[in-house]
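The data block below is run.txt; it holds compact mmCIF, C-alpha atoms and all ligand atoms.
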```txt
# COMPACT_ATOMS: atom_id res chain seq x y z
CA MET A 1 32.31 34.02 -27.99
CA LEU A 2 35.94 34.69 -27.08
CA ARG A 3 36.88 35.17 -23.47
CA PRO A 4 38.09 38.69 -22.79
CA TYR A 5 39.93 37.78 -19.57
CA GLY A 6 43.09 35.76 -18.98
CA THR A 7 43.34 31.97 -18.87
CA PRO A 8 46.44 29.87 -18.11
CA ARG A 9 48.84 29.73 -21.03
CA PRO A 10 50.94 26.75 -22.05
CA HIS A 11 54.60 27.32 -21.30
CA ALA A 12 56.64 28.30 -24.31
CA ALA A 13 60.14 29.68 -24.79
CA ARG A 14 60.12 33.48 -24.76
CA LEU A 15 60.56 35.15 -28.10
CA GLY A 16 61.06 38.83 -28.82
CA PRO A 17 61.46 41.28 -25.93
CA LEU A 18 62.18 39.55 -22.61
CA ALA A 19 60.14 42.08 -20.66
CA PRO A 20 56.54 42.83 -21.64
CA ASP A 21 55.68 46.14 -23.25
CA LEU A 22 53.48 48.62 -21.44
CA ARG A 23 50.54 49.29 -23.76
CA ARG A 24 48.61 52.36 -22.68
CA ALA A 25 46.40 52.65 -25.76
CA THR A 26 42.72 52.81 -24.79
CA SER A 27 41.44 52.14 -28.28
CA HIS A 28 42.47 50.15 -31.35
CA ALA A 29 42.03 50.82 -35.07
CA PHE A 30 40.63 48.27 -37.53
CA THR A 31 40.94 47.77 -41.26
CA ASP A 32 37.21 47.96 -42.05
CA ALA A 33 33.66 47.95 -40.70
CA ALA A 34 33.48 44.16 -40.58
CA ALA A 35 36.65 43.91 -38.44
CA LEU A 36 35.41 46.67 -36.11
CA ARG A 37 32.09 44.87 -35.68
CA ALA A 38 33.70 41.47 -35.09
CA HIS A 39 36.07 42.83 -32.43
CA GLY A 40 33.30 44.85 -30.76
CA ALA A 41 31.13 41.72 -30.61
CA ARG A 42 34.14 39.75 -29.31
CA GLU A 43 33.92 37.29 -32.15
CA ALA A 44 37.51 38.06 -33.16
CA HIS A 45 40.71 37.79 -31.12
CA GLY A 46 42.47 40.96 -30.10
CA GLU A 47 41.90 44.18 -28.30
CA PHE A 48 39.13 46.66 -28.89
CA TYR A 49 38.64 49.15 -26.07
CA ALA A 50 40.63 49.04 -22.80
CA ARG A 51 37.63 48.92 -20.43
CA TYR A 52 36.80 45.51 -21.92
CA GLY A 53 40.29 44.24 -21.08
CA HIS A 54 43.77 44.87 -22.42
CA ALA A 55 47.10 43.10 -22.89
CA ASN A 56 48.76 44.12 -19.61
CA ALA A 57 45.77 43.17 -17.43
CA ARG A 58 45.38 39.93 -19.37
CA ALA A 59 49.03 38.97 -18.71
CA PHE A 60 48.47 39.42 -14.99
CA GLU A 61 45.21 37.47 -15.17
CA CYS A 62 47.00 34.58 -16.91
CA PHE A 63 49.60 34.56 -14.15
CA VAL A 64 46.96 34.44 -11.37
CA ALA A 65 44.87 31.80 -13.18
CA GLU A 66 47.92 29.57 -13.40
CA LEU A 67 48.95 30.27 -9.80
CA GLU A 68 45.49 29.36 -8.51
CA GLY A 69 44.94 26.40 -10.85
CA ALA A 70 41.86 28.24 -12.15
CA GLU A 71 40.13 28.27 -15.52
CA GLY A 72 40.69 32.02 -15.65
CA ALA A 73 41.04 35.26 -13.70
CA VAL A 74 39.66 38.80 -13.96
CA ALA A 75 41.70 41.78 -12.71
CA PHE A 76 40.32 44.92 -11.08
CA ALA A 77 41.39 48.37 -9.96
CA SER A 78 41.40 47.28 -6.30
CA GLY A 79 40.57 44.32 -4.09
CA MET A 80 37.28 45.95 -3.14
CA ALA A 81 36.39 46.45 -6.80
CA ALA A 82 36.96 42.70 -7.30
CA MET A 83 34.80 41.78 -4.30
CA HIS A 84 32.09 44.22 -5.41
CA ALA A 85 32.00 42.67 -8.88
CA VAL A 86 31.76 39.16 -7.43
CA LEU A 87 28.88 40.05 -5.13
CA CYS A 88 26.95 42.31 -7.49
CA GLY A 89 27.87 40.52 -10.71
CA LEU A 90 26.58 37.18 -9.40
CA ALA A 91 23.75 38.23 -7.06
CA GLY A 92 20.97 40.78 -7.20
CA ALA A 93 17.77 42.03 -5.63
CA GLY A 94 15.94 39.27 -3.76
CA ASP A 95 19.11 37.19 -3.21
CA ARG A 96 20.42 36.31 0.23
CA LEU A 97 24.17 36.36 0.88
CA ALA A 98 25.95 34.71 3.81
CA ILE A 99 29.00 36.79 4.75
CA ALA A 100 31.33 35.57 7.50
CA ARG A 101 31.70 37.72 10.59
CA GLN A 102 35.47 37.22 10.28
CA ILE A 103 35.88 39.22 7.09
CA TYR A 104 37.81 42.28 5.93
CA GLY A 105 36.14 45.48 7.18
CA GLY A 106 35.69 46.86 3.65
CA THR A 107 33.76 43.76 2.58
CA SER A 108 31.68 43.90 5.73
CA ASN A 109 30.89 47.60 5.14
CA LEU A 110 29.86 46.87 1.56
CA ALA A 111 27.67 44.01 2.77
CA ARG A 112 26.03 45.98 5.57
CA ARG A 113 25.70 49.42 4.02
CA ASP A 114 25.32 48.93 0.29
CA LEU A 115 24.02 45.50 -0.66
CA PRO A 116 20.74 45.92 1.26
CA ARG A 117 20.14 49.22 -0.61
CA PHE A 118 20.04 47.15 -3.80
CA GLY A 119 17.61 44.60 -2.42
CA MET A 120 20.04 41.94 -1.22
CA GLU A 121 19.69 40.38 2.19
CA VAL A 122 22.89 39.77 4.13
CA VAL A 123 23.19 37.22 6.93
CA ASP A 124 26.35 37.04 8.98
CA PHE A 125 27.75 33.91 10.56
CA ASP A 126 30.72 32.62 12.51
CA ALA A 127 32.96 30.98 9.91
CA LEU A 128 34.74 28.97 12.62
CA ASP A 129 31.48 27.35 13.78
CA PRO A 130 29.83 24.75 11.47
CA ALA A 131 26.46 25.16 13.25
CA SER A 132 26.48 28.91 12.60
CA LEU A 133 27.32 28.27 8.92
CA ALA A 134 24.53 25.71 8.60
CA ALA A 135 22.01 28.13 10.14
CA ALA A 136 23.09 30.91 7.77
CA LEU A 137 22.80 28.64 4.71
CA ALA A 138 19.46 27.18 5.73
CA GLY A 139 17.35 30.01 4.34
CA GLY A 140 18.27 29.69 0.65
CA VAL A 141 21.52 31.54 0.03
CA ARG A 142 23.11 32.48 -3.30
CA LEU A 143 26.68 33.29 -2.26
CA CYS A 144 28.74 32.56 0.83
CA VAL A 145 31.90 34.60 1.55
CA VAL A 146 34.69 33.65 3.95
CA GLU A 147 38.25 34.77 4.47
CA THR A 148 41.14 32.60 5.62
CA PRO A 149 43.46 33.02 7.42
CA VAL A 150 41.28 35.27 9.54
CA ASN A 151 42.48 38.80 10.27
CA PRO A 152 44.09 39.46 12.78
CA THR A 153 43.79 36.27 14.86
CA LEU A 154 45.20 34.11 12.04
CA ARG A 155 42.68 31.37 12.83
CA LEU A 156 41.85 29.19 9.81
CA VAL A 157 38.44 28.57 8.27
CA ASP A 158 38.04 24.96 7.14
CA LEU A 159 37.48 25.42 3.41
CA ALA A 160 36.67 21.78 2.54
CA ARG A 161 34.02 21.67 5.27
CA THR A 162 32.60 25.07 4.30
CA ALA A 163 32.56 24.12 0.60
CA ALA A 164 30.76 20.83 1.32
CA ALA A 165 28.07 22.67 3.33
CA CYS A 166 27.68 25.26 0.54
CA HIS A 167 27.59 22.80 -2.34
CA GLU A 168 24.98 20.63 -0.60
CA ARG A 169 22.67 23.64 -0.93
CA ASP A 170 23.89 24.85 -4.31
CA VAL A 171 25.58 27.91 -2.78
CA THR A 172 28.61 29.46 -4.49
CA LEU A 173 31.58 29.73 -2.11
CA VAL A 174 33.78 32.82 -2.43
CA VAL A 175 37.08 32.91 -0.50
CA ASP A 176 39.13 36.03 0.18
CA GLY A 177 42.61 34.52 0.02
CA THR A 178 44.55 37.79 0.34
CA PHE A 179 46.41 36.73 3.51
CA ALA A 180 47.74 33.50 2.00
CA PRO A 181 48.21 33.59 -1.77
CA PRO A 182 49.53 30.51 -3.59
CA PRO A 183 51.89 28.76 -3.21
CA ILE A 184 50.82 28.99 0.46
CA GLN A 185 47.13 28.21 -0.10
CA ARG A 186 45.12 27.39 -3.19
CA ALA A 187 41.53 27.88 -2.10
CA LEU A 188 40.08 26.37 -5.28
CA ASP A 189 41.83 23.07 -4.49
CA HIS A 190 39.79 22.91 -1.28
CA GLY A 191 36.39 23.46 -2.85
CA ALA A 192 36.10 27.24 -3.21
CA ASP A 193 34.28 28.30 -6.39
CA LEU A 194 35.99 31.68 -6.57
CA VAL A 195 39.04 33.13 -4.87
CA VAL A 196 39.48 36.88 -4.51
CA HIS A 197 42.73 38.70 -3.72
CA SER A 198 43.59 42.23 -2.86
CA ALA A 199 46.58 42.23 -5.22
CA THR A 200 47.61 45.40 -3.37
CA LYS A 201 49.12 42.98 -0.83
CA PHE A 202 51.34 39.96 -1.60
CA LEU A 203 50.68 39.76 -5.35
CA GLY A 204 51.90 43.35 -5.76
CA GLY A 205 54.32 42.96 -2.90
CA HIS A 206 55.98 46.39 -3.07
CA SER A 207 53.35 48.71 -1.56
CA ASP A 208 53.06 50.64 -4.82
CA VAL A 209 50.09 49.09 -6.65
CA LEU A 210 46.37 49.10 -5.83
CA ALA A 211 44.69 46.14 -7.53
CA GLY A 212 42.38 43.16 -7.12
CA VAL A 213 41.74 39.89 -8.89
CA VAL A 214 39.26 37.04 -8.85
CA ALA A 215 40.01 33.53 -10.12
CA GLY A 216 37.68 30.59 -10.70
CA ARG A 217 35.56 28.92 -13.38
CA HIS A 218 34.27 30.38 -16.63
CA GLU A 219 30.64 29.93 -15.56
CA HIS A 220 31.18 32.68 -12.95
CA LEU A 221 33.96 34.69 -14.56
CA THR A 222 31.98 35.50 -17.68
CA ALA A 223 29.35 37.32 -15.60
CA ILE A 224 31.98 38.96 -13.40
CA GLU A 225 33.95 40.23 -16.39
CA ALA A 226 30.79 41.54 -18.02
CA PHE A 227 29.97 43.39 -14.79
CA ARG A 228 33.49 44.84 -14.81
CA ALA A 229 33.02 46.06 -18.37
CA ARG A 230 29.72 47.71 -17.42
CA THR A 231 30.95 49.33 -14.20
CA GLY A 232 34.44 50.20 -15.48
CA ALA A 233 36.55 48.93 -12.54
CA VAL A 234 39.18 47.36 -14.81
CA LEU A 235 42.82 47.30 -13.72
CA ALA A 236 44.66 50.05 -15.64
CA PRO A 237 47.69 49.24 -17.84
CA ASP A 238 50.37 50.85 -15.62
CA PRO A 239 49.55 48.95 -12.41
CA ALA A 240 48.97 45.80 -14.48
CA TRP A 241 52.49 46.13 -15.89
CA LEU A 242 53.91 46.60 -12.38
CA LEU A 243 52.03 43.49 -11.25
CA GLY A 244 53.61 41.59 -14.13
CA ARG A 245 56.97 42.57 -12.72
CA SER A 246 55.90 41.52 -9.20
CA ALA A 247 54.73 38.18 -10.62
CA GLU A 248 58.29 37.28 -11.60
CA THR A 249 59.39 37.26 -7.95
CA HIS A 250 56.11 36.33 -6.27
CA SER A 251 56.97 32.80 -5.16
CA LEU A 252 60.47 33.76 -4.01
CA ARG A 253 59.21 36.73 -2.02
CA VAL A 254 56.42 34.81 -0.37
CA ALA A 255 58.71 31.89 0.53
CA ALA A 256 61.31 34.18 2.11
CA GLN A 257 58.71 36.28 3.92
CA GLN A 258 56.93 33.33 5.43
CA SER A 259 60.16 31.61 6.43
CA ALA A 260 61.18 34.80 8.32
CA ALA A 261 57.69 35.04 9.85
CA LEU A 262 57.94 31.49 11.18
CA THR A 263 61.40 32.13 12.63
CA ILE A 264 60.11 35.24 14.40
CA ALA A 265 56.94 33.49 15.60
CA GLN A 266 58.92 30.54 17.01
CA ALA A 267 61.35 32.84 18.83
CA LEU A 268 58.47 34.85 20.28
CA ARG A 269 56.55 31.69 21.20
CA ALA A 270 59.40 30.71 23.51
CA ARG A 271 58.94 34.01 25.37
CA VAL A 272 55.16 33.84 25.87
CA ASP A 273 54.28 34.21 29.55
CA PRO A 274 50.81 34.62 31.07
CA ARG A 275 52.38 37.15 33.47
CA GLY A 276 53.49 39.32 30.54
CA PRO A 277 54.77 41.23 28.78
CA LEU A 278 54.06 38.86 25.83
CA LEU A 279 50.76 37.05 26.37
CA ALA A 280 50.33 35.27 23.02
CA VAL A 281 51.71 34.81 19.53
CA SER A 282 49.77 33.45 16.58
CA HIS A 283 51.18 32.13 13.33
CA PRO A 284 49.54 29.25 11.45
CA GLY A 285 52.93 27.56 11.01
CA LEU A 286 53.51 27.14 14.76
CA ALA A 287 53.24 23.51 15.85
CA ASP A 288 50.84 24.43 18.69
CA HIS A 289 48.63 26.76 16.62
CA VAL A 290 45.01 26.04 17.42
CA ASP A 291 44.33 25.06 13.79
CA ALA A 292 47.65 23.26 13.15
CA PRO A 293 46.15 20.02 11.70
CA LEU A 294 43.96 22.05 9.34
CA ARG A 295 46.95 24.18 8.36
CA LEU A 296 48.83 21.10 7.19
CA ARG A 297 45.93 20.11 4.93
CA GLN A 298 44.85 23.51 3.70
CA MET A 299 48.07 25.53 3.61
CA PRO A 300 50.62 22.98 2.45
CA GLY A 301 52.85 25.84 1.32
CA GLY A 302 53.42 27.11 4.87
CA GLY A 303 51.93 29.40 7.48
CA GLY A 304 52.13 32.74 5.68
CA ALA A 305 54.01 35.95 6.41
CA LEU A 306 51.80 37.41 9.13
CA VAL A 307 52.40 37.10 12.85
CA THR A 308 50.01 38.44 15.47
CA ILE A 309 51.15 39.09 19.02
CA GLU A 310 49.26 40.14 22.10
CA VAL A 311 50.95 42.14 24.82
CA ASP A 312 49.90 42.56 28.42
CA GLY A 313 48.22 45.85 29.34
CA GLY A 314 45.66 46.20 26.55
CA LEU A 315 45.62 48.97 23.97
CA PRO A 316 47.81 51.47 25.90
CA ALA A 317 50.57 48.86 26.21
CA ALA A 318 50.17 47.81 22.57
CA MET A 319 50.48 51.46 21.52
CA GLN A 320 53.71 51.82 23.51
CA VAL A 321 55.21 48.68 21.93
CA PHE A 322 54.03 49.90 18.52
CA ASP A 323 55.70 53.28 18.98
CA ARG A 324 59.00 51.60 19.88
CA PHE A 325 59.43 49.78 16.56
CA ALA A 326 62.55 51.11 14.87
CA CYS A 327 62.87 48.94 11.77
CA ILE A 328 59.27 47.77 11.34
CA ALA A 329 57.07 50.48 9.81
CA ARG A 330 53.88 51.62 11.55
CA ALA A 331 51.45 51.36 8.65
CA PRO A 332 48.18 49.81 7.53
CA SER A 333 48.14 47.09 4.86
CA LEU A 334 50.37 44.01 4.53
CA GLY A 335 52.24 41.78 2.13
CA GLY A 336 54.98 44.21 1.07
CA VAL A 337 58.71 43.56 1.05
CA GLU A 338 58.94 46.08 3.90
CA SER A 339 57.79 44.76 7.27
CA ASN A 340 55.02 46.69 8.92
CA ALA A 341 52.96 46.58 12.06
CA SER A 342 49.35 47.57 12.53
CA LEU A 343 47.06 47.85 15.52
CA PRO A 344 43.75 46.08 14.72
CA ALA A 345 41.94 48.15 17.36
CA HIS A 346 43.01 51.33 15.51
CA THR A 347 42.80 50.14 11.91
CA THR A 348 40.93 47.14 10.49
CA HIS A 349 38.62 46.71 13.50
CA ALA A 350 38.38 50.30 14.69
CA ALA A 351 34.68 50.46 13.79
CA LEU A 352 33.89 47.73 16.35
CA SER A 353 33.53 48.23 20.10
CA ALA A 354 36.06 46.55 22.42
CA ALA A 355 33.34 44.02 23.33
CA GLU A 356 32.66 43.22 19.66
CA ARG A 357 36.39 42.79 19.08
CA ARG A 358 36.60 40.47 22.10
CA ALA A 359 33.75 38.36 20.69
CA LEU A 360 35.89 37.85 17.56
CA GLY A 361 38.89 36.88 19.67
CA ILE A 362 40.66 40.19 19.05
CA GLY A 363 42.43 41.33 22.20
CA GLU A 364 42.99 45.05 22.80
CA GLY A 365 46.73 44.38 23.14
CA MET A 366 47.05 42.75 19.71
CA ILE A 367 49.60 43.91 17.15
CA ARG A 368 49.67 42.40 13.66
CA LEU A 369 53.04 42.10 11.97
CA SER A 370 53.48 41.64 8.24
CA ILE A 371 56.98 40.31 7.69
CA GLY A 372 58.97 41.57 4.73
CA LEU A 373 62.42 40.89 3.36
CA GLU A 374 64.69 42.69 5.83
CA PRO A 375 67.27 40.50 7.60
CA VAL A 376 65.32 38.33 10.02
CA GLU A 377 67.70 38.95 12.98
CA ARG A 378 67.13 42.68 12.63
CA LEU A 379 63.36 42.21 12.65
CA LEU A 380 63.48 39.86 15.63
CA ASP A 381 65.68 42.28 17.59
CA ASP A 382 63.23 45.06 16.78
CA VAL A 383 60.21 43.10 18.02
CA MET A 384 61.96 41.80 21.15
CA ARG A 385 63.26 45.25 22.06
CA ALA A 386 59.90 46.91 21.44
CA ILE A 387 58.13 44.36 23.69
CA GLY A 388 60.88 44.70 26.33
CA LEU A 389 62.15 41.13 25.96
CA GLU A 390 65.83 41.70 25.21
N1 LIG A 401 40.61 41.73 1.49
C1 LIG A 401 41.52 41.81 2.49
C2 LIG A 401 41.77 40.61 3.34
C3 LIG A 401 42.20 43.01 2.72
O1 LIG A 401 43.10 43.07 3.72
C4 LIG A 401 41.93 44.13 1.90
C5 LIG A 401 42.61 45.41 2.11
O2 LIG A 401 43.25 45.63 3.13
C6 LIG A 401 40.98 43.99 0.89
C7 LIG A 401 40.34 42.78 0.70
C8 LIG A 401 40.64 45.15 -0.01
O3 LIG A 401 41.67 45.35 -0.91
P1 LIG A 401 42.02 46.76 -1.59
O4 LIG A 401 42.52 47.66 -0.50
O5 LIG A 401 43.02 46.41 -2.62
O6 LIG A 401 40.74 47.29 -2.17
```
Written as C-alpha cells, how would this file's structure read?
Amino acid sequence: MLRPYGTPRPHAARLGPLAPDLRRATSHAFTDAAALRAHGAREAHGEFYARYGHANARAFECFVAELEGAEGAVAFASGMAAMHAVLCGLAGAGDRLAIARQIYGGTSNLARRDLPRFGMEVVDFDALDPASLAAALAGGVRLCVVETPVNPTLRLVDLARTAAACHERDVTLVVDGTFAPPPIQRALDHGADLVVHSATKFLGGHSDVLAGVVAGRHEHLTAIEAFRARTGAVLAPDPAWLLGRSAETHSLRVAAQQSAALTIAQALRARVDPRGPLLAVSHPGLADHVDAPLRLRQMPGGGGALVTIEVDGGLPAAMQVFDRFACIARAPSLGGVESNASLPAHTTHAALSAAERRALGIGEGMIRLSIGLEPVERLLDDVMRAIGLE
C-alpha cells in the first residue's frame, strides 16, 4: 500500500520550474479501468481525488516531516482539524484520554464537550506536576496530550519525563508544539509520538493561512490520514501552496523573531519591580526563567518568539497598557511576521473564572506578546511606552 501523505524527501537539485505549481484539480483522469482501480486502491503512485491528498498538501507535509525529523506528516484545514483527527482517529468509545489542564482552549473544549458524547472518557491533569500525570495515567489511558511551551505563562512541560511515564504504560504521547516549531523544539526528539501544529501560526507565519499538521510515525499516521480522508478535513491546494512559500523562509523568520523576543524580554526583565508597573516578564530564553535548565535541553534552538508580561493593577491596568500599543497590533493568534498582543483573560482563557486562571498561574494583568519582524527598537519603545517605563 502506498502512503498518501508526505514523507521526507532526499535532497536533489531542483529541475524545471523553481517555484511549485498550484494544482487545483480535484480529480484525475486515467487511461483505463485497471489504472483507475489501481489508483483508487492506492496501489499505484500518483493522485486520484483531492480529499485523499494532493501534490500541494504533500509538498508541505514533506517539509514538516523533514523539519520534525518524522517518518511523515499529514496536513489539515486547521490546527483543530489536525487535533480532532489525532484524538478521534486513534481513540474511540471506551477509551480514556489524559489531556493536560495547560492546553489550548479549543482542544480543551473538544475534549470536554465532544469526546464524551462519543463515548470517550477525558481526565485532566497538571502537566507541570509528575504526580498529577502519574495519577491520570494510572487508570489505563490510550492517549496523553500536552502542550509546551504553555500558553500564556510560557512554562515548559518536561517532554522526556512525560514520554517516559506514558511509554511505561503504553500510552501514546501527543504534543501540541505550535508555540515552538523546529528549529526551536523538536518534540519527537524528546519522546513524543506525535507532534501537532496549528500551521496558522509560525509555519504559515503571515496571518493569511488557516492550517494544521501532525507529524510522527507511520503506525499512527496511516490511521490519522485515513480518518482525514473519511471526514474530509484535508488542507486545500491554495493554502497548501501558500504554506510552501512560507516554508522557504520558516527558519529565517523564526530565528529573527525569537532573537527580537529575547532582546525585548531581557530589556523588560531589567525593569521588573514588585512595586510596579511591570511585575513580571516570562520568556523561556531568559537566564532566570523558572524552567531554564529544561529549556536548554528541550529547546536547543532558543526560547521562542513569545513574551508574556504582567502589569500591576490587574485586568483594568492590562487593558490600558494594551490600548496604548501603537506599533504592536491588538489581535488574537500568534506567530506572524507582524507583532501582536493579546489579553489571555479576554481571549484564550476568557471561558475560565479569574480563580481558575489564577490556579493555572495566569495573572489578570498578563499580556502575551508575539514578536514579529518589525525593527526591535521600535517594538521595545512601543512596549516600554505602553507600560509607562520610558
Ligand atoms: N494549538 C494552539 C497552541 C493554538 O494556539 C491554536 C490556535 O490558536 C490551535 C492549536 C488551533 O489552531 P487553528 O486555529 O489553526 O485551528
Could you give me, as a ChimeraX atom specification, the residues within 9 Å of A:Cys166, counting only C-alpha atoms and dropping anything in the same chain fewer than 3 positions from it?
/A:133-134,137,141,143-144,161-163,169-173
Check which residues fall inside 6 Å of ligand LIG 401 (chain A) when counting only C-alpha atoms and all ligand atoms, and print them as a list in words.
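Listed by chain and ascending number, the contacts are Ser78, Gly79, Met80, Tyr104, Thr178, Ser198, Thr200, Leu210, Ala211, Gly212 and Ser333 of chain A.
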Residues near A:Leu156, anyone? I mean within 10 Å using only C-alpha atoms, not counting same-chain ones fewer than 3 positions away, as number ranges by chain.
A: 127-128, 147-151, 153, 159, 284, 289-292, 294-295, 298-299
Can you pull out the residues contacting A:Val281? Cut-off 10 Å, using only C-alpha atoms, and skip same-chain residues under 2 positions away; I want them as a list of chain:residue names.
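Result of the neighbour search: A:Thr153, A:Leu154, A:Ile264, A:Ala265, A:Gln266, A:Ala267, A:Leu268, A:Arg269, A:Ala270, A:Arg271, A:Val272, A:Leu278, A:Leu279, A:His283, A:Leu286, A:His289, A:Val307, A:Thr308, A:Ile309, A:Glu310, A:Val311, A:Met366, A:Ile367, A:Arg368.
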For the residues selected in the previous step, produce a file with C-alpha atoms as a PDB file, keeping the file's coordinate frame.
```pdb
ATOM      1  CA  THR A 153      43.790  36.270  14.860  1.00  0.00           C
ATOM      2  CA  LEU A 154      45.200  34.110  12.040  1.00  0.00           C
ATOM      3  CA  ILE A 264      60.110  35.240  14.400  1.00  0.00           C
ATOM      4  CA  ALA A 265      56.940  33.490  15.600  1.00  0.00           C
ATOM      5  CA  GLN A 266      58.920  30.540  17.010  1.00  0.00           C
ATOM      6  CA  ALA A 267      61.350  32.840  18.830  1.00  0.00           C
ATOM      7  CA  LEU A 268      58.470  34.850  20.280  1.00  0.00           C
ATOM      8  CA  ARG A 269      56.550  31.690  21.200  1.00  0.00           C
ATOM      9  CA  ALA A 270      59.400  30.710  23.510  1.00  0.00           C
ATOM     10  CA  ARG A 271      58.940  34.010  25.370  1.00  0.00           C
ATOM     11  CA  VAL A 272      55.160  33.840  25.870  1.00  0.00           C
ATOM     12  CA  LEU A 278      54.060  38.860  25.830  1.00  0.00           C
ATOM     13  CA  LEU A 279      50.760  37.050  26.370  1.00  0.00           C
ATOM     14  CA  HIS A 283      51.180  32.130  13.330  1.00  0.00           C
ATOM     15  CA  LEU A 286      53.510  27.140  14.760  1.00  0.00           C
ATOM     16  CA  HIS A 289      48.630  26.760  16.620  1.00  0.00           C
ATOM     17  CA  VAL A 307      52.400  37.100  12.850  1.00  0.00           C
ATOM     18  CA  THR A 308      50.010  38.440  15.470  1.00  0.00           C
ATOM     19  CA  ILE A 309      51.150  39.090  19.020  1.00  0.00           C
ATOM     20  CA  GLU A 310      49.260  40.140  22.100  1.00  0.00           C
ATOM     21  CA  VAL A 311      50.950  42.140  24.820  1.00  0.00           C
ATOM     22  CA  MET A 366      47.050  42.750  19.710  1.00  0.00           C
ATOM     23  CA  ILE A 367      49.600  43.910  17.150  1.00  0.00           C
ATOM     24  CA  ARG A 368      49.670  42.400  13.660  1.00  0.00           C
TER      25      ARG A 368
END
```
Taken to one decimal, the atom CA of A:Leu360-atom CA of A:Ala138 distance is 22.9 Å
Residue with the minimum atom-to-atom distance to A:Ala100, picked from A:Gly302, A:Pro130, A:Gly216, A:Gly72 with only C-alpha atoms counted, is A:Pro130
So what do you get for atom CA of A:Val234 versus atom CA of A:Ala50, distance-wise?
8.3 Å
Quick one: which stretch 53-121 of chain A residues come within 12 Å of stretch 179-192 of chain A, and what is the nearest atom pair for each with the distance in Å to one decimal, counting all atoms listed in the file, rows ordered by chain and ascending number, as CSV?
```
residue,atom,partner,partner_atom,distance
A:Phe63,CA,A:Pro182,CA,11.3
A:Val64,CA,A:Pro182,CA,9.1
A:Ala65,CA,A:Leu188,CA,10.7
A:Glu66,CA,A:Pro182,CA,10.0
A:Leu67,CA,A:Pro182,CA,6.2
A:Glu68,CA,A:Arg186,CA,5.7
A:Gly69,CA,A:Leu188,CA,7.4
A:Ala70,CA,A:Leu188,CA,7.3
A:Glu71,CA,A:Leu188,CA,10.4
A:Gly72,CA,A:Leu188,CA,11.8
A:Ile103,CA,A:Phe179,CA,11.4
A:Tyr104,CA,A:Phe179,CA,10.5
```
Residues near A:Ala199, anyone? I mean within 12 Å using only C-alpha atoms, not counting same-chain ones fewer than 5 positions away, as number ranges by chain.
A: 60-61, 64, 74-83, 176-181, 204-215, 235, 239-240, 242-244, 246-247, 250, 333-336
Do you know which residues are at most 12 Å from stretch 42-45 of chain A counting only C-alpha atoms, after dropping those on the same chain fewer than 4 positions away, and could you put them as JSON, numbers by chain?
{"A": [1, 2, 3, 4, 5, 30, 34, 35, 36, 37, 38, 49, 52, 53, 54, 55, 226]}
Between A:Val376, A:Ala73, A:Ala261, A:Val196, which residue has the minimum interatomic distance to A:Arg217, considering all atoms listed in the file?
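Nearest candidate to A:Arg217 out of A:Val376, A:Ala73, A:Ala261, A:Val196: A:Ala73.
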Shortest interatomic distance to A:Ser251 - which of A:His349, A:Phe202, A:Glu121, A:Leu115, counting all atoms listed in the file:
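The closest residue to A:Ser251 is A:Phe202.
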Your completed stretch 113-122 of chain A with N, CA, C and O atoms, as a compact mmCIF listing (two decimals), keeping the file's coordinate frame:
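Once written, result.txt looks like this:
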```txt
# COMPACT_ATOMS: atom_id res chain seq x y z
N ARG A 113 26.22 48.10 4.40
CA ARG A 113 25.70 49.42 4.02
C ARG A 113 25.12 49.48 2.62
O ARG A 113 24.20 50.23 2.36
N ASP A 114 25.71 48.74 1.69
CA ASP A 114 25.32 48.93 0.29
C ASP A 114 24.43 47.84 -0.27
O ASP A 114 23.43 48.13 -0.92
N LEU A 115 24.79 46.58 -0.03
CA LEU A 115 24.02 45.50 -0.66
C LEU A 115 22.53 45.57 -0.31
O LEU A 115 21.69 45.40 -1.21
N PRO A 116 22.17 45.85 0.95
CA PRO A 116 20.74 45.92 1.26
C PRO A 116 20.03 47.04 0.50
O PRO A 116 18.85 46.93 0.17
N ARG A 117 20.76 48.12 0.16
CA ARG A 117 20.14 49.22 -0.61
C ARG A 117 19.74 48.76 -2.00
O ARG A 117 18.94 49.40 -2.68
N PHE A 118 20.36 47.67 -2.46
CA PHE A 118 20.04 47.15 -3.80
C PHE A 118 19.21 45.87 -3.72
O PHE A 118 19.20 45.06 -4.65
N GLY A 119 18.56 45.69 -2.55
CA GLY A 119 17.61 44.60 -2.42
C GLY A 119 18.18 43.26 -2.05
O GLY A 119 17.49 42.24 -2.13
N MET A 120 19.46 43.23 -1.64
CA MET A 120 20.04 41.94 -1.22
C MET A 120 19.95 41.83 0.30
O MET A 120 20.13 42.82 1.01
N GLU A 121 19.74 40.61 0.74
CA GLU A 121 19.69 40.38 2.19
C GLU A 121 21.01 39.76 2.61
O GLU A 121 21.50 38.83 1.96
N VAL A 122 21.60 40.29 3.69
CA VAL A 122 22.89 39.77 4.13
C VAL A 122 22.73 39.13 5.51
O VAL A 122 22.17 39.74 6.42
```
